[in-house]
file final-v3.cif (mmCIF, C-alpha atoms)
data_final
loop_
_atom_site.label_atom_id
_atom_site.label_comp_id
_atom_site.auth_asym_id
_atom_site.auth_seq_id
_atom_site.Cartn_x
_atom_site.Cartn_y
_atom_site.Cartn_z
CA MET A 1 6.37 -15.93 7.55
CA GLU A 2 6.12 -17.02 11.17
CA LEU A 3 4.56 -14.25 13.23
CA THR A 4 2.92 -14.40 16.62
CA PRO A 5 0.33 -11.96 18.01
CA GLY A 6 1.84 -9.22 20.17
CA GLN A 7 5.10 -9.20 18.24
CA THR A 8 6.44 -5.92 16.79
CA VAL A 9 6.71 -6.17 13.02
CA ALA A 10 8.51 -3.91 10.56
CA ILE A 11 7.02 -3.89 7.07
CA GLU A 12 8.53 -2.53 3.87
CA LEU A 13 6.61 -2.15 0.64
CA VAL A 14 8.58 -3.85 -2.12
CA ALA A 15 6.27 -3.32 -5.11
CA THR A 16 3.04 -1.50 -5.89
CA PRO A 17 0.08 -3.91 -5.94
CA ARG A 18 -1.70 -4.38 -9.24
CA ASN A 19 -5.14 -5.35 -7.98
CA GLU A 20 -7.60 -3.22 -6.05
CA ALA A 21 -8.10 -5.70 -3.19
CA ALA A 22 -4.40 -5.78 -2.30
CA ARG A 23 -4.20 -2.00 -2.50
CA LYS A 24 -7.12 -1.65 -0.08
CA THR A 25 -5.57 -4.18 2.30
CA LEU A 26 -2.26 -2.31 2.35
CA ILE A 27 -4.00 1.02 2.95
CA ARG A 28 -5.91 -0.59 5.83
CA LEU A 29 -2.60 -1.80 7.29
CA TRP A 30 -1.04 1.65 6.96
CA HIS A 31 -4.05 3.10 8.80
CA ASN A 32 -2.66 1.46 11.96
CA ASP A 33 0.35 3.79 11.90
CA PRO A 34 -0.22 6.50 14.56
CA ALA A 35 1.11 9.36 12.39
CA ILE A 36 -1.11 8.47 9.45
CA SER A 37 -4.23 7.98 11.57
CA ARG A 38 -3.57 11.35 13.29
CA ASP A 39 -3.24 13.05 9.90
CA GLN A 40 -6.43 11.38 8.68
CA ARG A 41 -8.37 12.60 11.75
CA GLN A 42 -7.15 16.16 11.19
CA ARG A 43 -8.10 16.10 7.50
CA LYS A 44 -11.54 14.72 8.31
CA ARG A 45 -12.13 17.46 10.87
CA LYS A 46 -11.19 20.24 8.43
CA ARG A 47 -12.84 19.13 5.17
CA PRO A 48 -16.47 19.92 4.38
CA SER A 49 -17.91 16.43 4.40
CA TRP A 50 -21.60 17.14 3.78
CA ARG A 51 -22.91 19.93 1.57
CA THR A 52 -26.61 20.79 1.43
CA TRP A 53 -28.34 23.18 -0.97
CA ARG A 54 -31.83 23.94 -2.25
CA ARG A 55 -32.71 23.11 -5.83
CA GLY A 56 -36.23 23.25 -7.15
CA GLY A 57 -37.70 23.58 -3.67
CA ARG A 58 -35.96 20.41 -2.44
CA GLN A 59 -32.89 19.75 -0.35
CA TRP A 60 -29.97 18.19 -2.21
CA HIS A 61 -26.97 16.63 -0.47
CA HIS A 62 -23.48 15.77 -1.56
CA GLN A 63 -20.94 13.91 0.53
CA MET A 64 -17.32 14.71 -0.26
CA ARG A 65 -14.93 11.88 -1.03
CA SER A 66 -11.61 11.73 0.71
CA LYS A 67 -8.42 10.67 -0.99
CA ALA A 68 -6.39 7.72 0.23
CA PRO A 69 -4.40 8.48 3.41
CA VAL A 70 -1.16 7.12 2.05
CA GLU A 71 0.47 6.62 -1.33
CA LEU A 72 1.76 3.11 -1.87
CA THR A 73 5.24 3.69 -3.22
CA PRO A 74 7.96 1.04 -3.03
CA GLY A 75 10.35 1.56 -0.12
CA ARG A 76 7.71 2.91 2.26
CA ARG A 77 8.10 1.48 5.80
CA LEU A 78 5.75 0.80 8.67
CA THR A 79 6.20 -0.62 12.17
CA LEU A 80 3.23 -2.02 14.08
CA VAL A 81 2.23 -4.58 16.68
CA ALA A 82 0.95 -7.77 15.07
CA SER A 83 -2.51 -9.00 15.98
CA VAL A 84 -4.42 -11.92 14.48
CA ASP A 85 -6.20 -9.79 11.87
CA ILE A 86 -3.00 -7.95 10.92
CA ILE A 87 -1.15 -11.26 10.47
CA ARG A 88 -3.98 -12.50 8.22
CA ASP A 89 -3.76 -9.31 6.14
CA LEU A 90 0.02 -9.58 5.88
CA THR A 91 -0.17 -13.13 4.54
CA SER A 92 -2.68 -12.07 1.90
CA VAL A 93 -0.37 -9.32 0.53
CA LYS A 94 2.98 -11.05 1.08
CA ARG A 95 3.86 -10.69 -2.62
CA TRP A 96 4.19 -6.92 -2.30
CA ILE A 97 5.78 -6.56 1.14
CA ARG A 98 8.85 -7.67 3.05
CA VAL A 99 8.28 -8.45 6.73
CA VAL A 100 11.01 -8.17 9.34
CA SER A 101 10.00 -9.05 12.89
CA SER A 102 11.69 -6.85 15.48
#
call {"tool": "encode", "arguments": {"input": "final-v3.cif", "output": "structure tokens"}}
result
Amino acid sequence: MELTPGQTVAIELVATPRNEAARKTLIRLWHNDPAISRDQRQRKRKRPSWRTWRRGGRQWHHQMRSKAPVELTPGRRLTLVASVDIIRDLTSVKRWIRVVSS
């Protein structure tokens, strides 16, 4: 996989990763997609992220968890501009993706 920074890269998910680290890396890569990041910003703005209530004379807090922004299903595609950190991430998960430079 010979990629240079600044190059447009098309990525296709070939298989679902089995380990948690690879899954997190792929989700981080998919965060760079403008449509997904826009959707994530809208969901964050609308969900109640911090609930506070009184219990026994004290303030209790609960921070809501958000679900993953994208489901990693085989066949899912992504196009992004390669930078040094993105190239490093792509090489670490190359077992589960197919990279086509555009």
call {"tool": "atom_distance", "arguments": {"input": "final-v3.cif", "atom1": "CA of Ile97 in chain A", "atom2": "CA of Ser37 in chain A"}}
result
20.5 Å
call {"tool": "residues_around", "arguments": {"input": "final-v3.cif", "residues": "Met64 in chain A", "least_positions_apart": "6", "cutoff": "8 Å", "atoms": "all atoms listed in the file", "output": "PDB file with C-alpha atoms, keeping the file's coordinate frame"}}
result
ATOM      1  CA  PRO A  48     -16.470  19.920   4.380  1.00  0.00           C
ATOM      2  CA  SER A  49     -17.910  16.430   4.400  1.00  0.00           C
ATOM      3  CA  TRP A  50     -21.600  17.140   3.780  1.00  0.00           C
ATOM      4  CA  ARG A  51     -22.910  19.930   1.570  1.00  0.00           C
TER       5      ARG A  51
END
call {"tool": "closest_atom_pairs", "arguments": {"input": "final-v3.cif", "of": "range 42-86 of chain A", "to": "range 10-25 of chain A", "cutoff": "8 Å", "atoms": "all atoms listed in the file", "output": "Markdown table"}}
result
| residue | atom | partner | partner_atom | distance |
| --- | --- | --- | --- | --- |
| A:Leu72 | CA | A:Thr16 | CA | 6.2 |
| A:Thr73 | CA | A:Thr16 | CA | 6.2 |
| A:Pro74 | CA | A:Val14 | CA | 5.0 |
| A:Gly75 | CA | A:Leu13 | CA | 5.3 |
| A:Arg76 | CA | A:Leu13 | CA | 5.4 |
| A:Arg77 | CA | A:Glu12 | CA | 4.5 |
| A:Leu78 | CA | A:Ile11 | CA | 5.1 |
| A:Thr79 | CA | A:Ala10 | CA | 4.3 |
| A:Leu80 | CA | A:Ala10 | CA | 6.6 |
call {"tool": "resolve_selection", "arguments": {"input": "final-v3.cif", "expression": "the PyMOL selection byres ((chain A and resi 87) around 10)", "output": "MDAnalysis selection string"}}
result
chainID A and resid 1:5 9 81:86 88:92
call {"tool": "atom_distance", "arguments": {"input": "final-v3.cif", "atom1": "CA of Ile36 in chain A", "atom2": "CA of Val70 in chain A"}}
result
7.5 Å
call {"tool": "resolve_selection", "arguments": {"input": "final-v3.cif", "expression": "the PyMOL selection byres ((chain A and resi 40) around 10)", "output": "short mmCIF file (atom, residue, chain, number, x, y, z; two decimals) with C-alpha atoms, in the coordinates of the input"}}
result
data_model
loop_
_atom_site.label_atom_id
_atom_site.label_comp_id
_atom_site.auth_asym_id
_atom_site.auth_seq_id
_atom_site.Cartn_x
_atom_site.Cartn_y
_atom_site.Cartn_z
CA HIS A 31 -4.05 3.10 8.80
CA PRO A 34 -0.22 6.50 14.56
CA ALA A 35 1.11 9.36 12.39
CA ILE A 36 -1.11 8.47 9.45
CA SER A 37 -4.23 7.98 11.57
CA ARG A 38 -3.57 11.35 13.29
CA ASP A 39 -3.24 13.05 9.90
CA ARG A 41 -8.37 12.60 11.75
CA GLN A 42 -7.15 16.16 11.19
CA ARG A 43 -8.10 16.10 7.50
CA LYS A 44 -11.54 14.72 8.31
CA ARG A 45 -12.13 17.46 10.87
CA SER A 66 -11.61 11.73 0.71
CA LYS A 67 -8.42 10.67 -0.99
CA ALA A 68 -6.39 7.72 0.23
CA PRO A 69 -4.40 8.48 3.41
CA VAL A 70 -1.16 7.12 2.05
#
call {"tool": "atom_distance", "arguments": {"input": "final-v3.cif", "atom1": "CA of Lys46 in chain A", "atom2": "CA of His62 in chain A"}}
result
16.5 Å
call {"tool": "closest_residue", "arguments": {"input": "final-v3.cif", "among": "A:Trp30, A:Thr52, A:Gln7, A:Val99", "to": "Glu71 in chain A", "atoms": "all atoms listed in the file"}}
result
A:Trp30
call {"tool": "build_atoms", "arguments": {"input": "final-v3.cif", "residues": "range 45-56 of chain A", "atoms": "all heavy atoms", "output": "PDB file, in the frame of the given file"}}
result
ATOM      1  N   ARG A  45     -11.561  16.373  10.081  1.00  0.00           N
ATOM      2  CA  ARG A  45     -12.130  17.460  10.870  1.00  0.00           C
ATOM      3  C   ARG A  45     -12.202  18.755  10.061  1.00  0.00           C
ATOM      4  O   ARG A  45     -13.129  19.541  10.223  1.00  0.00           O
ATOM      5  CB  ARG A  45     -11.287  17.660  12.119  1.00  0.00           C
ATOM      6  CG  ARG A  45     -11.901  18.562  13.138  1.00  0.00           C
ATOM      7  CD  ARG A  45     -11.141  18.575  14.444  1.00  0.00           C
ATOM      8  NE  ARG A  45      -9.692  18.620  14.267  1.00  0.00           N
ATOM      9  CZ  ARG A  45      -8.837  17.770  14.833  1.00  0.00           C
ATOM     10  NH1 ARG A  45      -9.271  16.810  15.619  1.00  0.00           N
ATOM     11  NH2 ARG A  45      -7.540  17.881  14.642  1.00  0.00           N
ATOM     12  N   LYS A  46     -11.253  18.968   9.148  1.00  0.00           N
ATOM     13  CA  LYS A  46     -11.190  20.240   8.430  1.00  0.00           C
ATOM     14  C   LYS A  46     -11.950  20.251   7.107  1.00  0.00           C
ATOM     15  O   LYS A  46     -12.297  21.315   6.621  1.00  0.00           O
ATOM     16  CB  LYS A  46      -9.727  20.599   8.171  1.00  0.00           C
ATOM     17  CG  LYS A  46      -9.009  20.959   9.436  1.00  0.00           C
ATOM     18  CD  LYS A  46      -7.606  21.385   9.159  1.00  0.00           C
ATOM     19  CE  LYS A  46      -6.952  21.741  10.483  1.00  0.00           C
ATOM     20  NZ  LYS A  46      -5.620  22.257  10.301  1.00  0.00           N
ATOM     21  N   ARG A  47     -12.203  19.104   6.488  1.00  0.00           N
ATOM     22  CA  ARG A  47     -12.840  19.130   5.170  1.00  0.00           C
ATOM     23  C   ARG A  47     -14.363  19.240   5.303  1.00  0.00           C
ATOM     24  O   ARG A  47     -14.940  18.722   6.247  1.00  0.00           O
ATOM     25  CB  ARG A  47     -12.463  17.904   4.362  1.00  0.00           C
ATOM     26  CG  ARG A  47     -13.142  16.641   4.784  1.00  0.00           C
ATOM     27  CD  ARG A  47     -12.873  15.519   3.791  1.00  0.00           C
ATOM     28  NE  ARG A  47     -13.362  14.284   4.347  1.00  0.00           N
ATOM     29  CZ  ARG A  47     -12.605  13.341   4.860  1.00  0.00           C
ATOM     30  NH1 ARG A  47     -11.309  13.485   4.885  1.00  0.00           N
ATOM     31  NH2 ARG A  47     -13.140  12.253   5.358  1.00  0.00           N
ATOM     32  N   PRO A  48     -15.002  19.878   4.362  1.00  0.00           N
ATOM     33  CA  PRO A  48     -16.470  19.920   4.380  1.00  0.00           C
ATOM     34  C   PRO A  48     -17.002  18.579   3.894  1.00  0.00           C
ATOM     35  O   PRO A  48     -16.889  18.253   2.717  1.00  0.00           O
ATOM     36  CB  PRO A  48     -16.796  21.048   3.413  1.00  0.00           C
ATOM     37  CG  PRO A  48     -15.640  21.095   2.488  1.00  0.00           C
ATOM     38  CD  PRO A  48     -14.440  20.640   3.277  1.00  0.00           C
ATOM     39  N   SER A  49     -17.542  17.788   4.784  1.00  0.00           N
ATOM     40  CA  SER A  49     -17.910  16.430   4.400  1.00  0.00           C
ATOM     41  C   SER A  49     -19.330  16.319   3.866  1.00  0.00           C
ATOM     42  O   SER A  49     -19.653  15.384   3.165  1.00  0.00           O
ATOM     43  CB  SER A  49     -17.743  15.498   5.592  1.00  0.00           C
ATOM     44  OG  SER A  49     -18.596  15.899   6.628  1.00  0.00           O
ATOM     45  N   TRP A  50     -20.201  17.262   4.172  1.00  0.00           N
ATOM     46  CA  TRP A  50     -21.600  17.140   3.780  1.00  0.00           C
ATOM     47  C   TRP A  50     -22.103  18.503   3.347  1.00  0.00           C
ATOM     48  O   TRP A  50     -22.210  19.405   4.161  1.00  0.00           O
ATOM     49  CB  TRP A  50     -22.411  16.607   4.956  1.00  0.00           C
ATOM     50  CG  TRP A  50     -23.810  16.242   4.644  1.00  0.00           C
ATOM     51  CD1 TRP A  50     -24.903  17.019   4.829  1.00  0.00           C
ATOM     52  CD2 TRP A  50     -24.291  15.028   4.101  1.00  0.00           C
ATOM     53  NE1 TRP A  50     -26.026  16.364   4.445  1.00  0.00           N
ATOM     54  CE2 TRP A  50     -25.682  15.117   3.993  1.00  0.00           C
ATOM     55  CE3 TRP A  50     -23.675  13.852   3.694  1.00  0.00           C
ATOM     56  CZ2 TRP A  50     -26.480  14.105   3.498  1.00  0.00           C
ATOM     57  CZ3 TRP A  50     -24.455  12.842   3.212  1.00  0.00           C
ATOM     58  CH2 TRP A  50     -25.842  12.958   3.107  1.00  0.00           C
ATOM     59  N   ARG A  51     -22.381  18.664   2.058  1.00  0.00           N
ATOM     60  CA  ARG A  51     -22.910  19.930   1.570  1.00  0.00           C
ATOM     61  C   ARG A  51     -24.391  19.780   1.281  1.00  0.00           C
ATOM     62  O   ARG A  51     -24.830  18.797   0.703  1.00  0.00           O
ATOM     63  CB  ARG A  51     -22.186  20.354   0.284  1.00  0.00           C
ATOM     64  CG  ARG A  51     -20.781  20.806   0.554  1.00  0.00           C
ATOM     65  CD  ARG A  51     -20.095  21.269  -0.694  1.00  0.00           C
ATOM     66  NE  ARG A  51     -20.866  22.294  -1.367  1.00  0.00           N
ATOM     67  CZ  ARG A  51     -20.719  22.595  -2.657  1.00  0.00           C
ATOM     68  NH1 ARG A  51     -19.844  21.951  -3.379  1.00  0.00           N
ATOM     69  NH2 ARG A  51     -21.436  23.543  -3.208  1.00  0.00           N
ATOM     70  N   THR A  52     -25.173  20.794   1.653  1.00  0.00           N
ATOM     71  CA  THR A  52     -26.610  20.790   1.430  1.00  0.00           C
ATOM     72  C   THR A  52     -26.987  22.087   0.716  1.00  0.00           C
ATOM     73  O   THR A  52     -26.493  23.157   1.075  1.00  0.00           O
ATOM     74  CB  THR A  52     -27.369  20.707   2.766  1.00  0.00           C
ATOM     75  OG1 THR A  52     -26.912  19.561   3.472  1.00  0.00           O
ATOM     76  CG2 THR A  52     -28.856  20.587   2.553  1.00  0.00           C
ATOM     77  N   TRP A  53     -27.845  21.984  -0.295  1.00  0.00           N
ATOM     78  CA  TRP A  53     -28.340  23.180  -0.970  1.00  0.00           C
ATOM     79  C   TRP A  53     -29.751  22.932  -1.460  1.00  0.00           C
ATOM     80  O   TRP A  53     -30.184  21.800  -1.594  1.00  0.00           O
ATOM     81  CB  TRP A  53     -27.409  23.600  -2.099  1.00  0.00           C
ATOM     82  CG  TRP A  53     -27.327  22.636  -3.235  1.00  0.00           C
ATOM     83  CD1 TRP A  53     -28.078  22.631  -4.376  1.00  0.00           C
ATOM     84  CD2 TRP A  53     -26.456  21.523  -3.361  1.00  0.00           C
ATOM     85  NE1 TRP A  53     -27.742  21.600  -5.191  1.00  0.00           N
ATOM     86  CE2 TRP A  53     -26.734  20.886  -4.585  1.00  0.00           C
ATOM     87  CE3 TRP A  53     -25.458  20.976  -2.558  1.00  0.00           C
ATOM     88  CZ2 TRP A  53     -26.071  19.768  -5.025  1.00  0.00           C
ATOM     89  CZ3 TRP A  53     -24.805  19.856  -3.000  1.00  0.00           C
ATOM     90  CH2 TRP A  53     -25.103  19.260  -4.207  1.00  0.00           C
ATOM     91  N   ARG A  54     -30.459  24.028  -1.739  1.00  0.00           N
ATOM     92  CA  ARG A  54     -31.830  23.940  -2.250  1.00  0.00           C
ATOM     93  C   ARG A  54     -31.800  23.985  -3.766  1.00  0.00           C
ATOM     94  O   ARG A  54     -31.104  24.790  -4.360  1.00  0.00           O
ATOM     95  CB  ARG A  54     -32.677  25.088  -1.729  1.00  0.00           C
ATOM     96  CG  ARG A  54     -33.089  24.912  -0.286  1.00  0.00           C
ATOM     97  CD  ARG A  54     -33.940  26.081   0.156  1.00  0.00           C
ATOM     98  NE  ARG A  54     -35.183  26.178  -0.581  1.00  0.00           N
ATOM     99  CZ  ARG A  54     -36.343  25.649  -0.190  1.00  0.00           C
ATOM    100  NH1 ARG A  54     -36.391  24.973   0.928  1.00  0.00           N
ATOM    101  NH2 ARG A  54     -37.433  25.798  -0.905  1.00  0.00           N
ATOM    102  N   ARG A  55     -32.600  23.129  -4.369  1.00  0.00           N
ATOM    103  CA  ARG A  55     -32.710  23.110  -5.830  1.00  0.00           C
ATOM    104  C   ARG A  55     -34.116  22.683  -6.173  1.00  0.00           C
ATOM    105  O   ARG A  55     -34.521  21.564  -5.863  1.00  0.00           O
ATOM    106  CB  ARG A  55     -31.686  22.131  -6.402  1.00  0.00           C
ATOM    107  CG  ARG A  55     -31.713  22.059  -7.889  1.00  0.00           C
ATOM    108  CD  ARG A  55     -30.605  21.155  -8.371  1.00  0.00           C
ATOM    109  NE  ARG A  55     -30.789  20.905  -9.793  1.00  0.00           N
ATOM    110  CZ  ARG A  55     -30.127  20.010 -10.469  1.00  0.00           C
ATOM    111  NH1 ARG A  55     -29.232  19.272  -9.859  1.00  0.00           N
ATOM    112  NH2 ARG A  55     -30.347  19.841 -11.740  1.00  0.00           N
ATOM    113  N   GLY A  56     -34.852  23.573  -6.761  1.00  0.00           N
ATOM    114  CA  GLY A  56     -36.230  23.250  -7.150  1.00  0.00           C
ATOM    115  C   GLY A  56     -37.134  23.034  -5.954  1.00  0.00           C
ATOM    116  O   GLY A  56     -38.052  22.219  -6.009  1.00  0.00           O
TER     117      GLY A  56
END
